[in-house]
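A.B. asks: Structure file model_24.pdb (PDB, C-alpha atoms) right here:
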ATOM      1  CA  MET A 122       0.000   0.000   0.000
ATOM      2  CA  ASN A 123       2.849   2.391   0.821
ATOM      3  CA  LEU A 124       4.529   1.648  -2.500
ATOM      4  CA  PHE A 125       1.301   2.441  -4.370
ATOM      5  CA  LYS A 126       0.901   5.793  -2.556
ATOM      6  CA  SER A 127       4.535   6.653  -3.251
ATOM      7  CA  ILE A 128       4.148   5.873  -6.955
ATOM      8  CA  GLU A 129       0.892   7.826  -7.099
ATOM      9  CA  LYS A 130       2.502  10.816  -5.367
ATOM     10  CA  THR A 131       5.453  10.719  -7.778
ATOM     11  CA  GLY A 132       3.085  10.490 -10.735
ATOM     12  CA  ASP A 133       1.058  13.460  -9.485
ATOM     13  CA  PHE A 134       4.265  15.467  -9.056
ATOM     14  CA  LEU A 135       5.462  14.621 -12.581
ATOM     15  CA  VAL A 136       2.110  15.540 -14.112
ATOM     16  CA  GLU A 137       2.092  18.879 -12.245
ATOM     17  CA  LEU A 138       5.697  19.533 -13.276
ATOM     18  CA  PHE A 139       4.865  18.777 -16.920
ATOM     19  CA  HIS A 140       1.840  21.085 -16.641
ATOM     20  CA  LEU A 141       3.912  23.982 -15.287
ATOM     21  CA  VAL A 142       6.808  23.543 -17.716
ATOM     22  CA  GLY A 143       4.404  23.263 -20.641
ATOM     23  CA  LEU A 144       2.540  26.417 -19.635
ATOM     24  CA  PHE A 145       5.779  28.371 -19.230
ATOM     25  CA  VAL A 146       6.960  27.195 -22.657
ATOM     26  CA  ILE A 147       3.631  28.135 -24.236
ATOM     27  CA  GLY A 148       3.527  31.484 -22.410
ATOM     28  CA  GLY A 149       7.100  32.287 -23.400
ATOM     29  CA  THR A 150       6.380  31.400 -27.009
ATOM     30  CA  ILE A 151       3.314  33.645 -27.049
ATOM     31  CA  ILE A 152       5.300  36.550 -25.570
ATOM     32  CA  TRP A 153       8.187  35.960 -27.964
ATOM     33  CA  SER A 154       5.896  35.792 -31.004
ATOM     34  CA  ALA A 155       3.904  38.860 -29.957
ATOM     35  CA  ALA A 156       7.088  40.836 -29.299
ATOM     36  CA  HIS A 157       8.505  39.788 -32.682
ATOM     37  CA  GLU A 158       5.309  40.881 -34.422
ATOM     38  CA  TYR A 159       5.261  44.175 -32.502
ATOM     39  CA  LEU A 160       8.887  44.905 -33.417
ATOM     40  CA  GLN A 161       8.065  44.173 -37.053
ATOM     41  CA  ILE A 162       5.155  46.644 -36.869
ATOM     42  CA  MET A 163       7.425  49.278 -35.334
ATOM     43  CA  LYS A 164      10.029  48.631 -38.057
ATOM     44  CA  ASN A 165       7.364  49.124 -40.724
ATOM     45  CA  GLY A 166       6.262  52.340 -39.041
ATOM     46  CA  VAL A 167       2.567  51.564 -39.386
ATOM     47  CA  ALA A 168       0.147  48.923 -38.177
ATOM     48  CA  GLY A 169      -2.522  47.592 -40.469
ATOM     49  CA  LEU A 170      -5.780  46.024 -39.424
ATOM     50  CA  ASP A 171      -4.282  42.550 -39.906
ATOM     51  CA  ASP A 172      -1.414  43.440 -37.550
ATOM     52  CA  ILE A 173      -3.770  44.717 -34.862
ATOM     53  CA  LEU A 174      -5.991  41.640 -35.124
ATOM     54  CA  LEU A 175      -2.937  39.381 -34.867
ATOM     55  CA  LEU A 176      -1.904  41.203 -31.677
ATOM     56  CA  PHE A 177      -5.420  40.598 -30.322
ATOM     57  CA  ILE A 178      -4.987  36.889 -31.065
ATOM     58  CA  TYR A 179      -1.735  36.896 -29.082
ATOM     59  CA  LEU A 180      -3.483  38.761 -26.258
ATOM     60  CA  GLU A 181      -6.312  36.211 -26.158
ATOM     61  CA  LEU A 182      -3.826  33.314 -26.227
ATOM     62  CA  GLY A 183      -1.917  34.891 -23.338
ATOM     63  CA  ALA A 184      -5.095  35.456 -21.354
ATOM     64  CA  MET A 185      -6.205  31.875 -21.968
ATOM     65  CA  THR A 186      -2.811  30.561 -20.845
ATOM     66  CA  GLY A 187      -2.932  32.742 -17.731
ATOM     67  CA  VAL A 188      -6.409  31.561 -16.791
ATOM     68  CA  PHE A 189      -5.383  27.948 -17.336
ATOM     69  CA  PHE A 190      -2.263  28.488 -15.208
ATOM     70  CA  ARG A 191      -4.230  29.963 -12.305
ATOM     71  CA  THR A 192      -7.318  27.756 -12.364
ATOM     72  CA  HIS A 193      -6.268  24.546 -14.176
ATOM     73  CA  LYS A 194      -9.418  25.021 -16.260
ATOM     74  CA  LEU A 195      -9.489  25.844 -19.949
ATOM     75  CA  PRO A 196     -12.342  28.243 -20.709
ATOM     76  CA  VAL A 197     -13.748  27.282 -24.104
ATOM     77  CA  ILE A 198     -14.933  30.856 -24.609
ATOM     78  CA  PHE A 199     -11.306  31.923 -25.161
ATOM     79  CA  LEU A 200     -10.913  29.389 -27.957
ATOM     80  CA  ILE A 201     -14.094  30.710 -29.563
ATOM     81  CA  LEU A 202     -12.859  34.313 -29.303
ATOM     82  CA  ILE A 203      -9.530  33.334 -30.851
ATOM     83  CA  ALA A 204     -11.320  31.563 -33.708
ATOM     84  CA  ILE A 205     -13.590  34.572 -34.298
ATOM     85  CA  THR A 206     -10.593  36.922 -34.364
ATOM     86  CA  ALA A 207      -8.619  34.619 -36.679
ATOM     87  CA  LEU A 208     -11.522  34.294 -39.121
ATOM     88  CA  THR A 209     -12.127  38.054 -39.002
ATOM     89  CA  ARG A 210      -8.435  38.663 -39.699
ATOM     90  CA  TYR A 211      -8.499  36.237 -42.635
ATOM     91  CA  LEU A 212     -11.647  37.853 -44.001
ATOM     92  CA  ALA A 213     -10.243  41.375 -43.619
ATOM     93  CA  ILE A 214      -6.897  40.558 -45.224
ATOM     94  CA  ASP A 215      -8.055  38.408 -48.145
ATOM     95  CA  LEU A 216     -11.438  39.972 -48.866
ATOM     96  CA  LYS A 217     -10.525  41.042 -52.397
ATOM     97  CA  GLY A 218      -9.299  37.569 -53.338
ATOM     98  CA  LEU A 219     -12.335  35.698 -52.036
ATOM     99  CA  ASP A 220     -15.411  34.834 -54.029
ATOM    100  CA  ILE A 221     -18.891  35.482 -52.681
ATOM    101  CA  TRP A 222     -19.389  31.936 -51.352
ATOM    102  CA  GLU A 223     -16.140  32.047 -49.372
ATOM    103  CA  ILE A 224     -17.176  35.373 -47.879
ATOM    104  CA  ILE A 225     -20.620  34.006 -46.979
ATOM    105  CA  THR A 226     -19.066  30.861 -45.484
ATOM    106  CA  LEU A 227     -16.582  32.827 -43.369
ATOM    107  CA  SER A 228     -19.299  35.236 -42.245
ATOM    108  CA  ALA A 229     -21.583  32.344 -41.327
ATOM    109  CA  ALA A 230     -18.755  30.690 -39.375
ATOM    110  CA  ILE A 231     -18.167  33.921 -37.452
ATOM    111  CA  LEU A 232     -21.906  34.185 -36.728
ATOM    112  CA  ILE A 233     -22.086  30.559 -35.535
ATOM    113  CA  LEU A 234     -19.042  31.024 -33.296
ATOM    114  CA  THR A 235     -20.534  34.234 -31.897
ATOM    115  CA  LEU A 236     -23.817  32.498 -31.127
ATOM    116  CA  SER A 237     -21.876  29.611 -29.551
ATOM    117  CA  GLY A 238     -20.058  32.088 -27.318
ATOM    118  CA  LEU A 239     -23.359  33.645 -26.338
ATOM    119  CA  VAL A 240     -24.834  30.241 -25.458
ATOM    120  CA  LEU A 241     -21.728  29.308 -23.446
ATOM    121  CA  ARG A 242     -21.768  32.587 -21.549
ATOM    122  CA  PHE A 243     -25.493  32.330 -20.860
ATOM    123  CA  SER A 244     -25.221  28.745 -19.647
ATOM    124  CA  GLU A 245     -22.204  29.610 -17.509
ATOM    125  CA  CYS A 246     -24.165  32.364 -15.788
ATOM    126  CA  GLN A 247     -27.343  30.294 -15.474
ATOM    127  CA  TYR A 248     -26.087  26.893 -14.444
ATOM    128  CA  SER A 249     -22.633  27.070 -12.869
ATOM    129  CA  ARG A 250     -22.388  26.852  -9.113
ATOM    130  CA  SER A 251     -19.556  28.089  -6.968
ATOM    131  CA  LEU A 252     -18.252  26.329  -3.863
ATOM    132  CA  HIS A 253     -17.030  29.499  -2.177
ATOM    133  CA  GLU A 254     -19.293  32.404  -1.319
ATOM    134  CA  ALA A 255     -16.723  35.073  -2.295
ATOM    135  CA  SER A 256     -16.107  33.586  -5.726
ATOM    136  CA  HIS A 257     -19.875  33.062  -6.104
ATOM    137  CA  GLU A 258     -20.466  36.790  -5.533
ATOM    138  CA  GLU A 259     -17.727  37.663  -8.021
ATOM    139  CA  HIS A 260     -19.254  35.235 -10.529
ATOM    140  CA  GLU A 261     -22.684  36.820 -10.086
ATOM    141  CA  ARG A 262     -21.192  40.287 -10.574
ATOM    142  CA  SER A 263     -19.430  39.247 -13.819
ATOM    143  CA  CYS A 264     -22.607  37.677 -15.199
ATOM    144  CA  LYS A 265     -24.620  40.826 -14.555
ATOM    145  CA  THR A 266     -22.098  43.040 -16.374
ATOM    146  CA  THR A 267     -22.021  40.980 -19.575
TER     147      THR A 267
END
Please re-express this file's structure in structure tokens.
C.D. replies:
Amino acid sequence: MNLFKSIEKTGDFLVELFHLVGLFVIGGTIIWSAAHEYLQIMKNGVAGLDDILLLFIYLELGAMTGVFFRTHKLPVIFLILIAITALTRYLAIDLKGLDIWEIITLSAAILILTLSGLVLRFSECQYSRSLHEASHEEHERSCKTT
């Protein structure tokens, strides 16, 4: 029994270590990529809409990584926001080269993702329960403001 607990404890430690190292690698890569993009924008002397939207994608990736680091939960809403921003960026950059059906498809995908985000947010506010009173009050406050 002691051997099993020792192995389980070691396994838990290794999983947590892998989790932390992975998040630091991902976070560092996001920061590095965002900084590289920002320096490229500064070198060009002007930021286009595609540059700004790419920086928003990096911001959302960083926020998602930070939330996952602090809570060990991956909020799906961040993935939806990243997808919406990426599709919007693609649509804005390549609009002239797209035919009408590609534009309609991309617009429909953005609409579906937006509605999915709305459903997720609504269900989060309606059906999630908090174990701690303080976090429950904070949760209620955030649901009322959105």
A.B. asks: Once the PyMOL selection byres ((chain A and resi 149-163) around 9) has been evaluated on this model, what residues remain selected, and can you format them as a PDB file with C-alpha atoms, in the frame of the given file?
C.D. replies:
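So the final result, stored in part23.pdb, reads:
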ATOM      1  CA  LEU A 144       2.540  26.417 -19.635  1.00  0.00           C
ATOM      2  CA  PHE A 145       5.779  28.371 -19.230  1.00  0.00           C
ATOM      3  CA  VAL A 146       6.960  27.195 -22.657  1.00  0.00           C
ATOM      4  CA  ILE A 147       3.631  28.135 -24.236  1.00  0.00           C
ATOM      5  CA  GLY A 148       3.527  31.484 -22.410  1.00  0.00           C
ATOM      6  CA  LYS A 164      10.029  48.631 -38.057  1.00  0.00           C
ATOM      7  CA  ASN A 165       7.364  49.124 -40.724  1.00  0.00           C
ATOM      8  CA  GLY A 166       6.262  52.340 -39.041  1.00  0.00           C
ATOM      9  CA  VAL A 167       2.567  51.564 -39.386  1.00  0.00           C
ATOM     10  CA  ALA A 168       0.147  48.923 -38.177  1.00  0.00           C
ATOM     11  CA  GLY A 169      -2.522  47.592 -40.469  1.00  0.00           C
ATOM     12  CA  ASP A 172      -1.414  43.440 -37.550  1.00  0.00           C
ATOM     13  CA  LEU A 175      -2.937  39.381 -34.867  1.00  0.00           C
ATOM     14  CA  LEU A 176      -1.904  41.203 -31.677  1.00  0.00           C
ATOM     15  CA  TYR A 179      -1.735  36.896 -29.082  1.00  0.00           C
ATOM     16  CA  LEU A 180      -3.483  38.761 -26.258  1.00  0.00           C
ATOM     17  CA  LEU A 182      -3.826  33.314 -26.227  1.00  0.00           C
ATOM     18  CA  GLY A 183      -1.917  34.891 -23.338  1.00  0.00           C
TER      19      GLY A 183
END
A.B. asks: Using only C-alpha atoms, which of the listed residues (A:Leu170, A:Gln247, A:Cys264, A:Ser127) sits closest to Asp215 (chain A)?
C.D. replies: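 Nearest to Asp215 (chain A): A:Leu170.
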A.B. asks: With distances taken over all atoms listed in the file, which of A:Asp171, A:Val136, A:Leu200, A:Gly238 is nearest to Met185 (chain A)?
C.D. replies: A:Leu200
A.B. asks: For this file, the PyMOL selection byres ((chain A and resi 202) around 10) selects which residues, as a count of residues only?
C.D. replies: 19
A.B. asks: Calculate how many Å separate CA of Ile173 (chain A) from CA of Tyr211 (chain A), rounding to one decimal.
C.D. replies: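 Interatomic distance, CA of Ile173 (chain A) to CA of Tyr211 (chain A): 12.4 Å.
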A.B. asks: Return the single residue from A:Pro196, A:Val188, A:Thr209, A:Leu124 that is closest to Ala229 (chain A), with distances computed using all atoms listed in the file.
C.D. replies: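 The shortest atom-to-atom distance to Ala229 (chain A) comes from A:Thr209.
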A.B. asks: Quick one: what's the axis-aligned box for region 151-170 of chain A, all listed atoms, 3 Å on every side, centre and edges in Å to one decimal, as JSON?
C.D. replies:
{"center_x": 2.1, "center_y": 43.0, "center_z": -33.1, "size_x": 21.8, "size_y": 24.7, "size_z": 21.2}
A.B. asks: Between A:Leu141, A:Leu236, A:Ala213, A:Cys246, which has the minimum distance to Arg191 (chain A) (counting only C-alpha atoms)?
C.D. replies: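 Distance minimum relative to Arg191 (chain A) lands on A:Leu141.
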A.B. asks: How many Å lie between CA of Lys194 (chain A) and CA of Phe125 (chain A), rounded to one decimal?
C.D. replies: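 Distance reported for this atom pair: 27.7 Å.
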A.B. asks: Mind pulling up the distance from CA of Ala184 (chain A) to CA of Arg242 (chain A)?
C.D. replies: 16.9 Å
A.B. asks: Quick one: everything within 9 Å of Leu212 (chain A), counting only C-alpha atoms, minus sequence neighbours fewer than 5 positions away in the same chain. Send it as a ChimeraX atom specification.
C.D. replies: /A:207,219,224,227-228
A.B. asks: Go ahead and save the picked residues with C-alpha atoms, as a PDB file, keeping the file's coordinate frame.
C.D. replies:
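Output file out-v3.pdb follows:
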ATOM      1  CA  ALA A 207      -8.619  34.619 -36.679  1.00  0.00           C
ATOM      2  CA  LEU A 219     -12.335  35.698 -52.036  1.00  0.00           C
ATOM      3  CA  ILE A 224     -17.176  35.373 -47.879  1.00  0.00           C
ATOM      4  CA  LEU A 227     -16.582  32.827 -43.369  1.00  0.00           C
ATOM      5  CA  SER A 228     -19.299  35.236 -42.245  1.00  0.00           C
TER       6      SER A 228
END
